[in-house]
Structure formats: C-alpha cells, structure tokens
Amino acid sequence: MKKIVSFIIICICQLSLFAQPQKIKQHLTGFKNLTVVKNLSGLQIIGTGKIVDPYHYSIVKSELFNKASVSCAHPLASMVGAAIMKQGGNAFDAVIATQLALAVVYPGAGNIGGGGFLVGHTPTGKNITIDYRETAPSKGSRDMYLDSAGKVIPNLSVLGHLANGVPGTIAGVFATLPYAKLPMKTLIQPAIDIAEFGFVITEKEASGLNATKESFVKNSTKPTAFVKNSKWKTGDTLVQKELAETLKRVRDLGQKGFYEGKTADLIVAEMQRGKGIISKEDLKNYKAKARTALTFNYKDYSIIGMPPPSSGGIIVLQMMKMIAQKPIASYGFQSTKAVQLMVEVERRAYADRAAHLGDPDFWKVPLKTLADNTYLKNRMANYDSTKATPSTAIKAGIINESDETTHISVMDAAGNMVSVTTTLNGGYGSRTVVGGAGFLMNNEMDDFSVKPGVPNMYGAVGGEANAIEPNKRMLSSMSPTLVLKKGKPYIVCGTPGGTTIPTSVFQTLVNLLEFNMSAEDAVNKPKFHHQWLPDEVAVEPSFPAKTIAELQAMGYKISPRTAIGRTEAIRILPNGKLETAADKRGDDSVAGF
Ligand code: GLY
C-alpha cells in the first residue's frame with residue numbers, strides 16, 4: 001500500500017550545515033521539543049522512525065495508518081502535522097502546524113498572506129467552520145479595476161499591490177486554536193525553524209520559482225528570498241530569514257504580531273511603495289468568522305461542507321443531491337451515462353453560482369432554496385440523458401478563479417477530523433513579497449466580479465452578488481469537506497483548483513461512495529469539469545477516448561486540459577485503519593502513525 005514515489009537526497013549543498021550540527025541542534029528548538037535530535041537536527045515522529053528532516057525527505061503518496069494522519073501538498077508539512085499529533089496534539093493542532101509549515105515550504109499557495117476555510121468535526125459530534133477569507137480593503141470599490149471608459153484594466157486585479165485582499169490566515173489559525181491542545185508557540189516553531197534554517201526544494205518548486213522570477217521582481221519593491229542570480233535547482237536550500245522573523249512575532253505577540261505592530265507597519269509600507277490600498281485599520285479590523293456548517297444527507301452518509309462566502313459547500317450539495325435521484329453506481333465508472341449525468345448536474349449547479357452567491361454579510365444568499373430537494377428536482381426537469389442541455393437554456397453565470405490553492409486533510413485517533421483549504425489565489429499570489437516581512441500577498445481581489453454582469457478578460461461572467469464592496473469577502477470555490485457514515489467519522493477531503501474545486505470534490509465523493517474506489521484511486525483517476533460557461537467539458541489527458549467520442553456524438557464540446565485539482569483524502573476503513581492518499585499530480589505527500 002505504501003508508495004514512495006521520489007527521493008530527495010541532498011549532500012553537497014548542505015555541507016556547511018552538516019559541519020555545524022551543534023549549532024543547528026541548538027537553534028532548531030521546535031524540532032528539539034519534538035524529536036530525538038540526531039547529527040542533523042530533525043523532528044521525529046517518535047516511534048515510527050521517521051525524521052522530519054528539511055534536508056532529506058521523501059514523497060509518500062499513499063499509506064495505511066493506525067491512528068492519525070495528514071495529507072497535504074508538501075511532505076515536510078505533512079510530517080510536521082503528524083509529529084505534532086504524535087507529541088499529544090489533536091487534528092486541530094496538526095492542521096495549524098501543517099498550515100504554517102506550508103506557508104514556508106510551499107510558497108506557491110501555502111501562506112500567511114492569503115486566506116482560507118476550515119471545516120472540522122469533533123468526537124462530541126460538533127461541526128466547526130471557520131471563515132478566514134480575505135476581505136476587500138476599506139478603500140476598495142466596485143469599479144476599482146476599470147478605466148475611465150469602463151473597461152477592465154488587464155492584470156490590475158491579478159498582479160501587484162492592488163490585487164491584494166486583507167489577509168485572513170493568521171486570524172484563522174488563532175480562531176482554530178481553542179479546539180487544539182498545544183500552545184501556538186509549539187505549533188508555529190517548526191515553521192519558524194524551517195524558514196530560518198532552510199529546506200531543500202523539489203524539482204517542481206525550483207521550476208515554479210524560476211518561472212516566476214521576473215514577476216517577483218516586477219511586483220515587489222524590495223529584494224526577496226525567492227529571487228537569486230542563478231537559476232534554482234532541485235535540492236537548493238531556500239532560507240527565508242524575514243519570514244522566520246515575522247513568524248516569531250506571531251509566536252511572541254499572538255495575532256497582534258501580524259495585524260498590528262511591526263508586521264502591519266511592513267505591510268502598509270509595502271502598500272505605500274506599490275500603490276496598494278490596505279491600511280493599518282484594515283489589518284487591525286480583520287476578523288475570522290465562525291459560520292454554520294452546511295450539512296446534508298446522502299444515502300447513509302452525512303456530508304459537512306463550507307457555506308458562503310465559499311460557493312463550494314452548496315455546489316457540492318446541489319450536485320450530490322441531483323445525482324441521488326439516479327442509480328449512478330449501476331452506470332459504471334467513467335461510463336458515458338455516468339459522466340453525462342455528472343456533467344449536467346455540474347452545469348446546473350454552476351449556473352446558480354454567480355446569480356446567487358456572495359458574502360452573506362453583504363448579499364442575501366438563498367441557501368435554503370438552493371439546497372431544497374424540490375428546487376433541485378425541478379432544476380433537473382429539462383435533463384435529457386441522450387443529449388447535451390445547451391448552457392443557453394440554463395440561467396446565470398460564473399466568475400473566473402485561479403487554480404492555485406492548497407488543501408490539508410487530517411484525522412486523529414480521538415475522532416477529530418479537519419479539512420482546510422487555503423490560498424493566495426494565483427500561484428505565488430500577486431507576486432508581491434512584503435518587504436522586510438518575507439511573505440507573499442494574495443491576489444484574491446480577482447475572485448470578486450471585477451465588472452458585474454459583463455464577461456471579464458477570461459470570457460467568464462460575474463454577478464452582482466459578488467461585486468466589490470469595502471470590507472466584503474470575495475466569493476470562493478474552496479470546498480473543504482467531511483463525511484460521516486452512520487454518524488461516525490469516515491472521510492476528510494478537499495482540493496485546490498479554482499472553479500474546478502467543487503467538481504473535483506464531487507467526483508472524489510462519487511468515486512468513494514458510489515464506485516467503491518480506494519482513496520488513492522478516488523483522488524488520482526482522471527477528472528472532468530463543466531462550469532456552465534464556457535459550455536464545454538474540460539477533461540484531463542488520460543480521460544477515456546471512447547467516453548469522449550460518445551459525449552461528442554451527444555453534442556458536447558470537449559476541451560482537453562492539464563491537471564484538475566490535487567485532492568487529499570483520508571478514509572477510515574472497516575478495520576479502523578486510516579487510508580490516506582495524496583494526489584499524484586504534485587509533490588503532495590502523506591504522513592502519520
Ligand atoms: N481562489 C480560489 C478560491 O477561492 O476558490
């Protein structure tokens with residue numbers, strides 16, 4: 001079951017660190033607390049023989065664990081989460097530590113300059129949802145990305161300082177802390193140590209940093225750790241001293257270490273140098289919010305998801321309820337009949353999105369109606385199993401979203417389940433690194449409807465519900481999801497992927513609940529996506545040719561595309577083992593014990 005797909009062994013570039021083991025041992029306090037420190041300091045998942053060593057690590061795609069596990073986008077962050085649980089933390093501790101570690105080891109989407117959503121479930125049966133989505137700055141306005149002729153100014157909402165929403169992640173981890181057992185200083189220390197002493201980067205990270213170099217330089221006002229004269233290579237060490245100092249301020253001063261004082265000063269100074277509009281008041285006033293989980297029953301299962309301002313939970317609910325009316329398992333996995341049905345429910349759910357969904361603190365979201373069984377039955381009234389329903393026959397529209405987000409799934413031995421999706425929006429966000437603070441800012445403002453009712457530069461249409469207003473949260477598709485089976489913990493899953501997120505979660509759930517797949521197959525099998533507009537079915541490269549040909553004959557336009565999502569899933573098997581899978585599409589990796 002266990003699969004190690006790659007090894008990263010770095011020697012030459014680490015000679016200076018190997019030469020001073022005492023120094024490293026002394027400084028890597030977070031590791032020391034958690035580990036048997038060996039020659040090179042490492043954080044050990046005690047009793048498993050696994051060391052969290054930022055200079056030597058491997059990617060593990062799938063494994064069965066007895067008690068607790070983590071799946072996320074980077075091996076080091078998964079291992080940090082598992083080690084935290086091994087030393088007495090629960091799944092909430094692990095998700096905090098993993099998230100903070102991801103902000104260091106996965107700068108493309110792990111973040112403290114972005115935002116996210118958490119869905120949790122405790123052994124007492126309590127559902128927890130925390131919304132730490134970014135907000136529009138108080139100086140933000142509906143037409144801020146339009147020129148005097150009312151045209152969208154290309155890239156203004158995507159690159160640089162004006163694209164930044166007020167970050168929510170640090171408020172989010174502090175809002176999670178009451179459910180955790182260990183102090184923040186323990187949970188944040190591994191991230192501090194990895195930032196301060198560095199970690200070796202993977203091939204994918206090296207190529208991401210190289211491809212983004214010019215953009216970092218153009219959109220940042222100070223030198224950054226992500227840019228160096230020569231090209232990044234696999235196995236280079238990325239050291240982020242400024243980020244380590246920022247994280248230390250959070251460790252020592254709590255949430256104020258980010259939203260007030262020196263870090264806030266650095267953010268605002270960066271804004272002033274780059275014509276951004278986030279103010280000290282915006283930072284001080286930022287609040288994570290507890291929301292009411294969106295729950296529904298699907299056959300023997302209860303599914304728990306994130307309500308608005310994410311569209312994810314309600315879209316997944318709509319799609320699951322629409323297929324519940326049909327015997328999809330009998331159609332067979334990837335059969336034309338099953339795929340066609342799923343495409344049509346995707347089309348209908350996404351068509352509702354722009355018309356009705358936005359920040360519920362600013363827009364009346366008709367959640368009850370959208371989730372109503374009769375409403376959804378009527379939504380399928382014009383479904384025809386022999387041909388495509390043209391999107392012109394379905395009302396409403398959608399906005400464009402970037403694919404680069406990241407997900408963490410965690411389960412512990414006590415029965416806590418936590419699902420977190422977090423993002424900078426685009427890969428490496430707005431490419432603006434906060435000078436002196438060492439972290440990337442999001443470009444989440446692009447998730448608003450930049451020009452409501454009119455197709456944006458990508459040809460997608462956004463709605464009034466998601467128009468820009470000061471302090472409003474932009475609509476998201478992030479869909480951190482939990483499943484209970486007969487009331488007991490069963491599945492944790494989620495994925496990045498912009499607007500493809502709800503369909504990836506939907507297809508992963510259908511794979512697990514209807515097609516009886518392993519967690520590994522459920523996340524890795526090729527996916528497809530329809531989002532109402534454009535009226536086409538996007539398919540991953542290895543999608544079966546026969547199904548594609550039959551769908552084309554029924555009137556579907558098929559668009560081949562690159563990877564859809566990077567799903568992380570954990571499922572409890574009948575024998576109690578945690579079947580833990582990390583998506584094959586990236587460096588994603590599992591850890592546990
Ligand atoms: N930025 C991706 C999302 O929020 O869905």
# chains A, B, ... in the order shown; residues from 1 in each chain; ligands from 1

$ residues_around --residues "A:Ala244" --least-positions-apart "5" --cutoff "6 Å" --atoms "only C-alpha atoms" --output "PDB file with N, CA, C and O atoms, in the first residue's frame"
ATOM      1  N   ILE A 192       8.924  28.204  11.889  1.00  0.00           N
ATOM      2  CA  ILE A 192       9.993  29.189  12.118  1.00  0.00           C
ATOM      3  C   ILE A 192      11.349  28.567  11.795  1.00  0.00           C
ATOM      4  O   ILE A 192      12.182  29.155  11.104  1.00  0.00           O
ATOM      5  N   ALA A 195      11.902  27.993   8.105  1.00  0.00           N
ATOM      6  CA  ALA A 195      12.146  29.270   7.413  1.00  0.00           C
ATOM      7  C   ALA A 195      13.550  29.772   7.718  1.00  0.00           C
ATOM      8  O   ALA A 195      14.277  30.224   6.830  1.00  0.00           O
ATOM      9  N   GLU A 196      13.955  29.669   8.975  1.00  0.00           N
ATOM     10  CA  GLU A 196      15.237  30.246   9.394  1.00  0.00           C
ATOM     11  C   GLU A 196      16.438  29.457   8.866  1.00  0.00           C
ATOM     12  O   GLU A 196      17.423  30.040   8.436  1.00  0.00           O
TER      13      GLU A 196
END

$ residues_near_ligand --ligand "ligand 1" --cutoff "10 Å" --atoms "only C-alpha atoms and all ligand atoms" --output "PyMOL selection string"
chain A and resi 109+114-117+133-134+309-312+400-406+421-427+429+442-448+474-479+495-502

$ residues_around --residues "A:Gly168" --least-positions-apart "2" --cutoff "9 Å" --atoms "only C-alpha atoms" --output "VMD selection string"
chain A and resid 112 to 116 131 to 135 165 to 166 170 to 173 286 to 288

$ residues_around --residues "A:Glu536" --least-positions-apart "4" --cutoff "12 Å" --atoms "only C-alpha atoms" --output "list in words"
Gln340, Val343, Glu344, Glu346, Arg347, Ala388, Thr389, Pro390, Ser391, Phe528, His529, His530, Gln531, Trp532, Ile548, Leu551, Gln552, Gly555, Tyr556, Lys557, Ile558, Ser559, Pro560 and Arg561 of chain A

$ residues_around --residues "A:Ser215" --least-positions-apart "3" --cutoff "10 Å" --atoms "only C-alpha atoms" --output "JSON list (two decimals) with N, CA, C and O atoms, in the first residue's frame"
[["chain", "number", "residue", "atom", "x", "y", "z"],
["A", 159, "LEU", "N", -2.04, 41.05, -10.55],
["A", 159, "LEU", "CA", -0.62, 41.19, -10.21],
["A", 159, "LEU", "C", -0.38, 42.46, -9.40],
["A", 159, "LEU", "O", -0.98, 43.51, -9.69],
["A", 160, "GLY", "N", 0.48, 42.38, -8.41],
["A", 160, "GLY", "CA", 0.89, 43.57, -7.68],
["A", 160, "GLY", "C", -0.06, 43.97, -6.56],
["A", 160, "GLY", "O", -1.02, 43.27, -6.24],
["A", 209, "LEU", "N", 9.68, 28.65, -9.02],
["A", 209, "LEU", "CA", 10.40, 29.88, -8.64],
["A", 209, "LEU", "C", 11.11, 30.49, -9.85],
["A", 209, "LEU", "O", 11.10, 31.71, -10.04],
["A", 210, "ASN", "N", 11.70, 29.62, -10.69],
["A", 210, "ASN", "CA", 12.38, 30.15, -11.89],
["A", 210, "ASN", "C", 11.38, 30.83, -12.83],
["A", 210, "ASN", "O", 11.63, 31.91, -13.34],
["A", 211, "ALA", "N", 10.23, 30.17, -13.01],
["A", 211, "ALA", "CA", 9.24, 30.71, -13.95],
["A", 211, "ALA", "C", 8.66, 32.04, -13.45],
["A", 211, "ALA", "O", 8.17, 32.84, -14.25],
["A", 212, "THR", "N", 8.70, 32.27, -12.14],
["A", 212, "THR", "CA", 8.04, 33.44, -11.57],
["A", 212, "THR", "C", 9.03, 34.57, -11.26],
["A", 212, "THR", "O", 8.64, 35.63, -10.81],
["A", 218, "LYS", "N", 9.19, 42.35, -10.58],
["A", 218, "LYS", "CA", 8.34, 43.44, -11.06],
["A", 218, "LYS", "C", 7.32, 43.87, -10.01],
["A", 218, "LYS", "O", 6.97, 45.05, -9.91],
["A", 219, "ASN", "N", 6.83, 42.92, -9.23],
["A", 219, "ASN", "CA", 5.70, 43.23, -8.34],
["A", 219, "ASN", "C", 6.09, 43.38, -6.87],
["A", 219, "ASN", "O", 5.21, 43.55, -6.02],
["A", 220, "SER", "N", 7.38, 43.28, -6.57],
["A", 220, "SER", "CA", 7.84, 43.51, -5.20],
["A", 220, "SER", "C", 8.74, 44.74, -5.20],
["A", 220, "SER", "O", 9.36, 45.05, -6.21],
["A", 428, "TYR", "N", 1.78, 31.73, -6.27],
["A", 428, "TYR", "CA", 2.58, 32.78, -5.65],
["A", 428, "TYR", "C", 1.79, 34.11, -5.57],
["A", 428, "TYR", "O", 2.37, 35.19, -5.56],
["A", 430, "SER", "N", -0.09, 37.52, -5.71],
["A", 430, "SER", "CA", 0.09, 38.71, -6.56],
["A", 430, "SER", "C", 1.55, 38.92, -6.93],
["A", 430, "SER", "O", 1.89, 39.87, -7.61],
["A", 431, "ARG", "N", 2.42, 37.98, -6.43],
["A", 431, "ARG", "CA", 3.88, 38.05, -6.65],
["A", 431, "ARG", "C", 4.50, 39.22, -5.87],
["A", 431, "ARG", "O", 5.66, 39.56, -6.09],
["A", 432, "THR", "N", 3.72, 39.83, -5.01],
["A", 432, "THR", "CA", 4.24, 40.90, -4.16],
["A", 432, "THR", "C", 4.69, 40.28, -2.84],
["A", 432, "THR", "O", 3.87, 39.72, -2.11]]

$ closest_residue --among "A:Val434, A:Ala206, A:Val510, A:Ala591" --to "A:Pro223" --atoms "only C-alpha atoms"
A:Val434

$ closest_residue --among "A:Leu266, A:Val200, A:Met79, A:Met271" --to "A:Leu162" --atoms "only C-alpha atoms"
A:Met271

$ select_by_dssp --residues "stretch 114-177 of chain A" --states "strand (DSSP E)" --output "PyMOL selection string"
chain A and resi 115-121+127-132

$ closest_residue --among "A:Ile468, A:Leu341, A:Leu578, A:Ala269" --to "A:Phe593" --atoms "only C-alpha atoms"
A:Leu578

$ closest_residue --among "A:Lys321, A:Lys181, A:Lys67, A:His407" --to "A:Thr98" --atoms "only C-alpha atoms"
A:His407

$ closest_residue --among "A:Tyr179, A:Phe197, A:Tyr490, A:Tyr350" --to "A:Asn90" --atoms "only C-alpha atoms"
A:Tyr179

$ atom_distance --atom1 "atom CA of A:Asn155" --atom2 "atom CA of A:Ala136"
16.9 Å

$ residues_around --residues "A:Phe296" --least-positions-apart "4" --cutoff "12 Å" --atoms "only C-alpha atoms" --output "PyMOL selection string"
chain A and resi 300-307+313-314+316-321+324+368+371-373+481-484

$ select_by_dssp --residues "stretch 175-334 of chain A" --states "helix (DSSP H, G or I)" --output "NGL selection string"
:A and (175-179 or 184-197 or 203-219 or 241-253 or 256-259 or 261-273 or 280-285 or 312-324 or 328-331)

$ write_last_selection --atoms "C-alpha atoms" --output "PDB file, in the first residue's frame"
ATOM      1  CA  ALA A 175      -9.568  31.033  15.614  1.00  0.00           C
ATOM      2  CA  THR A 176      -8.663  27.318  15.346  1.00  0.00           C
ATOM      3  CA  LEU A 177      -6.530  27.347  18.498  1.00  0.00           C
ATOM      4  CA  PRO A 178      -9.398  26.897  21.022  1.00  0.00           C
ATOM      5  CA  TYR A 179     -10.002  23.435  19.513  1.00  0.00           C
ATOM      6  CA  MET A 184       0.755  28.277  19.453  1.00  0.00           C
ATOM      7  CA  LYS A 185       4.436  28.581  20.313  1.00  0.00           C
ATOM      8  CA  THR A 186       4.793  24.819  19.875  1.00  0.00           C
ATOM      9  CA  LEU A 187       2.708  24.704  16.726  1.00  0.00           C
ATOM     10  CA  ILE A 188       4.470  27.549  14.937  1.00  0.00           C
ATOM     11  CA  GLN A 189       8.056  26.645  15.861  1.00  0.00           C
ATOM     12  CA  PRO A 190       8.655  24.047  13.125  1.00  0.00           C
ATOM     13  CA  ALA A 191       7.636  26.658  10.522  1.00  0.00           C
ATOM     14  CA  ILE A 192       9.993  29.189  12.118  1.00  0.00           C
ATOM     15  CA  ASP A 193      12.864  26.712  12.104  1.00  0.00           C
ATOM     16  CA  ILE A 194      12.348  25.625   8.519  1.00  0.00           C
ATOM     17  CA  ALA A 195      12.146  29.270   7.413  1.00  0.00           C
ATOM     18  CA  GLU A 196      15.237  30.246   9.394  1.00  0.00           C
ATOM     19  CA  PHE A 197      17.489  27.311   8.540  1.00  0.00           C
ATOM     20  CA  GLU A 203      12.057  19.997  -8.848  1.00  0.00           C
ATOM     21  CA  LYS A 204       8.544  21.430  -9.099  1.00  0.00           C
ATOM     22  CA  GLU A 205       9.367  24.225  -6.646  1.00  0.00           C
ATOM     23  CA  ALA A 206      12.590  25.061  -8.455  1.00  0.00           C
ATOM     24  CA  SER A 207      10.760  25.349 -11.742  1.00  0.00           C
ATOM     25  CA  GLY A 208       7.943  27.411 -10.152  1.00  0.00           C
ATOM     26  CA  LEU A 209      10.398  29.884  -8.641  1.00  0.00           C
ATOM     27  CA  ASN A 210      12.378  30.149 -11.886  1.00  0.00           C
ATOM     28  CA  ALA A 211       9.242  30.713 -13.954  1.00  0.00           C
ATOM     29  CA  THR A 212       8.039  33.444 -11.572  1.00  0.00           C
ATOM     30  CA  LYS A 213      11.356  35.271 -11.079  1.00  0.00           C
ATOM     31  CA  GLU A 214      10.613  38.256 -13.315  1.00  0.00           C
ATOM     32  CA  SER A 215       7.152  38.634 -11.865  1.00  0.00           C
ATOM     33  CA  PHE A 216       8.511  38.645  -8.276  1.00  0.00           C
ATOM     34  CA  VAL A 217      10.962  41.377  -9.245  1.00  0.00           C
ATOM     35  CA  LYS A 218       8.339  43.440 -11.056  1.00  0.00           C
ATOM     36  CA  ASN A 219       5.702  43.230  -8.341  1.00  0.00           C
ATOM     37  CA  LYS A 241      15.003  34.747   7.362  1.00  0.00           C
ATOM     38  CA  GLU A 242      12.490  37.593   7.106  1.00  0.00           C
ATOM     39  CA  LEU A 243       9.594  35.162   7.116  1.00  0.00           C
ATOM     40  CA  ALA A 244      11.101  33.477  10.198  1.00  0.00           C
ATOM     41  CA  GLU A 245      11.161  36.864  11.977  1.00  0.00           C
ATOM     42  CA  THR A 246       7.538  37.517  11.035  1.00  0.00           C
ATOM     43  CA  LEU A 247       6.530  34.096  12.378  1.00  0.00           C
ATOM     44  CA  LYS A 248       8.472  34.799  15.594  1.00  0.00           C
ATOM     45  CA  ARG A 249       6.458  37.992  16.085  1.00  0.00           C
ATOM     46  CA  VAL A 250       3.288  35.895  15.741  1.00  0.00           C
ATOM     47  CA  ARG A 251       4.685  33.344  18.204  1.00  0.00           C
ATOM     48  CA  ASP A 252       5.598  36.026  20.747  1.00  0.00           C
ATOM     49  CA  LEU A 253       2.755  38.532  20.323  1.00  0.00           C
ATOM     50  CA  LYS A 256      -1.221  41.160  17.006  1.00  0.00           C
ATOM     51  CA  GLY A 257       2.218  40.061  15.862  1.00  0.00           C
ATOM     52  CA  PHE A 258       0.744  40.044  12.360  1.00  0.00           C
ATOM     53  CA  TYR A 259      -2.148  42.513  12.303  1.00  0.00           C
ATOM     54  CA  GLY A 261       2.969  46.473  15.230  1.00  0.00           C
ATOM     55  CA  LYS A 262       5.985  45.768  13.062  1.00  0.00           C
ATOM     56  CA  THR A 263       4.406  43.300  10.612  1.00  0.00           C
ATOM     57  CA  ALA A 264       1.459  45.634   9.987  1.00  0.00           C
ATOM     58  CA  ASP A 265       3.908  48.514   9.526  1.00  0.00           C
ATOM     59  CA  LEU A 266       5.840  46.475   6.965  1.00  0.00           C
ATOM     60  CA  ILE A 267       2.663  45.508   5.073  1.00  0.00           C
ATOM     61  CA  VAL A 268       1.430  49.098   4.945  1.00  0.00           C
ATOM     62  CA  ALA A 269       4.875  50.401   3.929  1.00  0.00           C
ATOM     63  CA  GLU A 270       4.880  47.812   1.102  1.00  0.00           C
ATOM     64  CA  MET A 271       1.409  49.027   0.045  1.00  0.00           C
ATOM     65  CA  GLN A 272       2.568  52.640   0.015  1.00  0.00           C
ATOM     66  CA  ARG A 273       5.616  51.823  -2.101  1.00  0.00           C
ATOM     67  CA  LYS A 280      -3.415  49.680   9.261  1.00  0.00           C
ATOM     68  CA  GLU A 281      -7.112  49.855  10.200  1.00  0.00           C
ATOM     69  CA  ASP A 282      -7.944  47.183   7.612  1.00  0.00           C
ATOM     70  CA  LEU A 283      -5.401  44.885   9.232  1.00  0.00           C
ATOM     71  CA  LYS A 284      -6.423  45.679  12.800  1.00  0.00           C
ATOM     72  CA  ASN A 285     -10.106  45.212  11.998  1.00  0.00           C
ATOM     73  CA  GLY A 312     -18.010  25.120  -2.583  1.00  0.00           C
ATOM     74  CA  GLY A 313     -20.261  23.550   0.035  1.00  0.00           C
ATOM     75  CA  ILE A 314     -23.529  24.475  -1.653  1.00  0.00           C
ATOM     76  CA  ILE A 315     -22.349  23.433  -5.129  1.00  0.00           C
ATOM     77  CA  VAL A 316     -21.209  20.039  -3.813  1.00  0.00           C
ATOM     78  CA  LEU A 317     -24.547  19.686  -2.008  1.00  0.00           C
ATOM     79  CA  GLN A 318     -26.506  20.520  -5.164  1.00  0.00           C
ATOM     80  CA  MET A 319     -24.528  18.113  -7.328  1.00  0.00           C
ATOM     81  CA  MET A 320     -24.753  15.241  -4.830  1.00  0.00           C
ATOM     82  CA  LYS A 321     -28.483  15.754  -4.346  1.00  0.00           C
ATOM     83  CA  MET A 322     -29.095  15.919  -8.104  1.00  0.00           C
ATOM     84  CA  ILE A 323     -27.299  12.623  -8.750  1.00  0.00           C
ATOM     85  CA  ALA A 324     -29.006  10.998  -5.740  1.00  0.00           C
ATOM     86  CA  ILE A 328     -25.311   6.194 -10.862  1.00  0.00           C
ATOM     87  CA  ALA A 329     -23.322   3.233  -9.454  1.00  0.00           C
ATOM     88  CA  SER A 330     -25.111   0.905 -11.875  1.00  0.00           C
ATOM     89  CA  TYR A 331     -23.960   3.052 -14.835  1.00  0.00           C
TER      90      TYR A 331
END

$ atom_distance --atom1 "atom CA of A:Ser409" --atom2 "atom CA of A:Ile570"
6.8 Å

$ atom_distance --atom1 "atom CA of A:Gly438" --atom2 "atom CA of A:Met85"
28.2 Å

$ closest_residue --among "A:Leu512, A:Leu533, A:Val410, A:Ile201" --to "A:Val105" --atoms "only C-alpha atoms"
A:Ile201
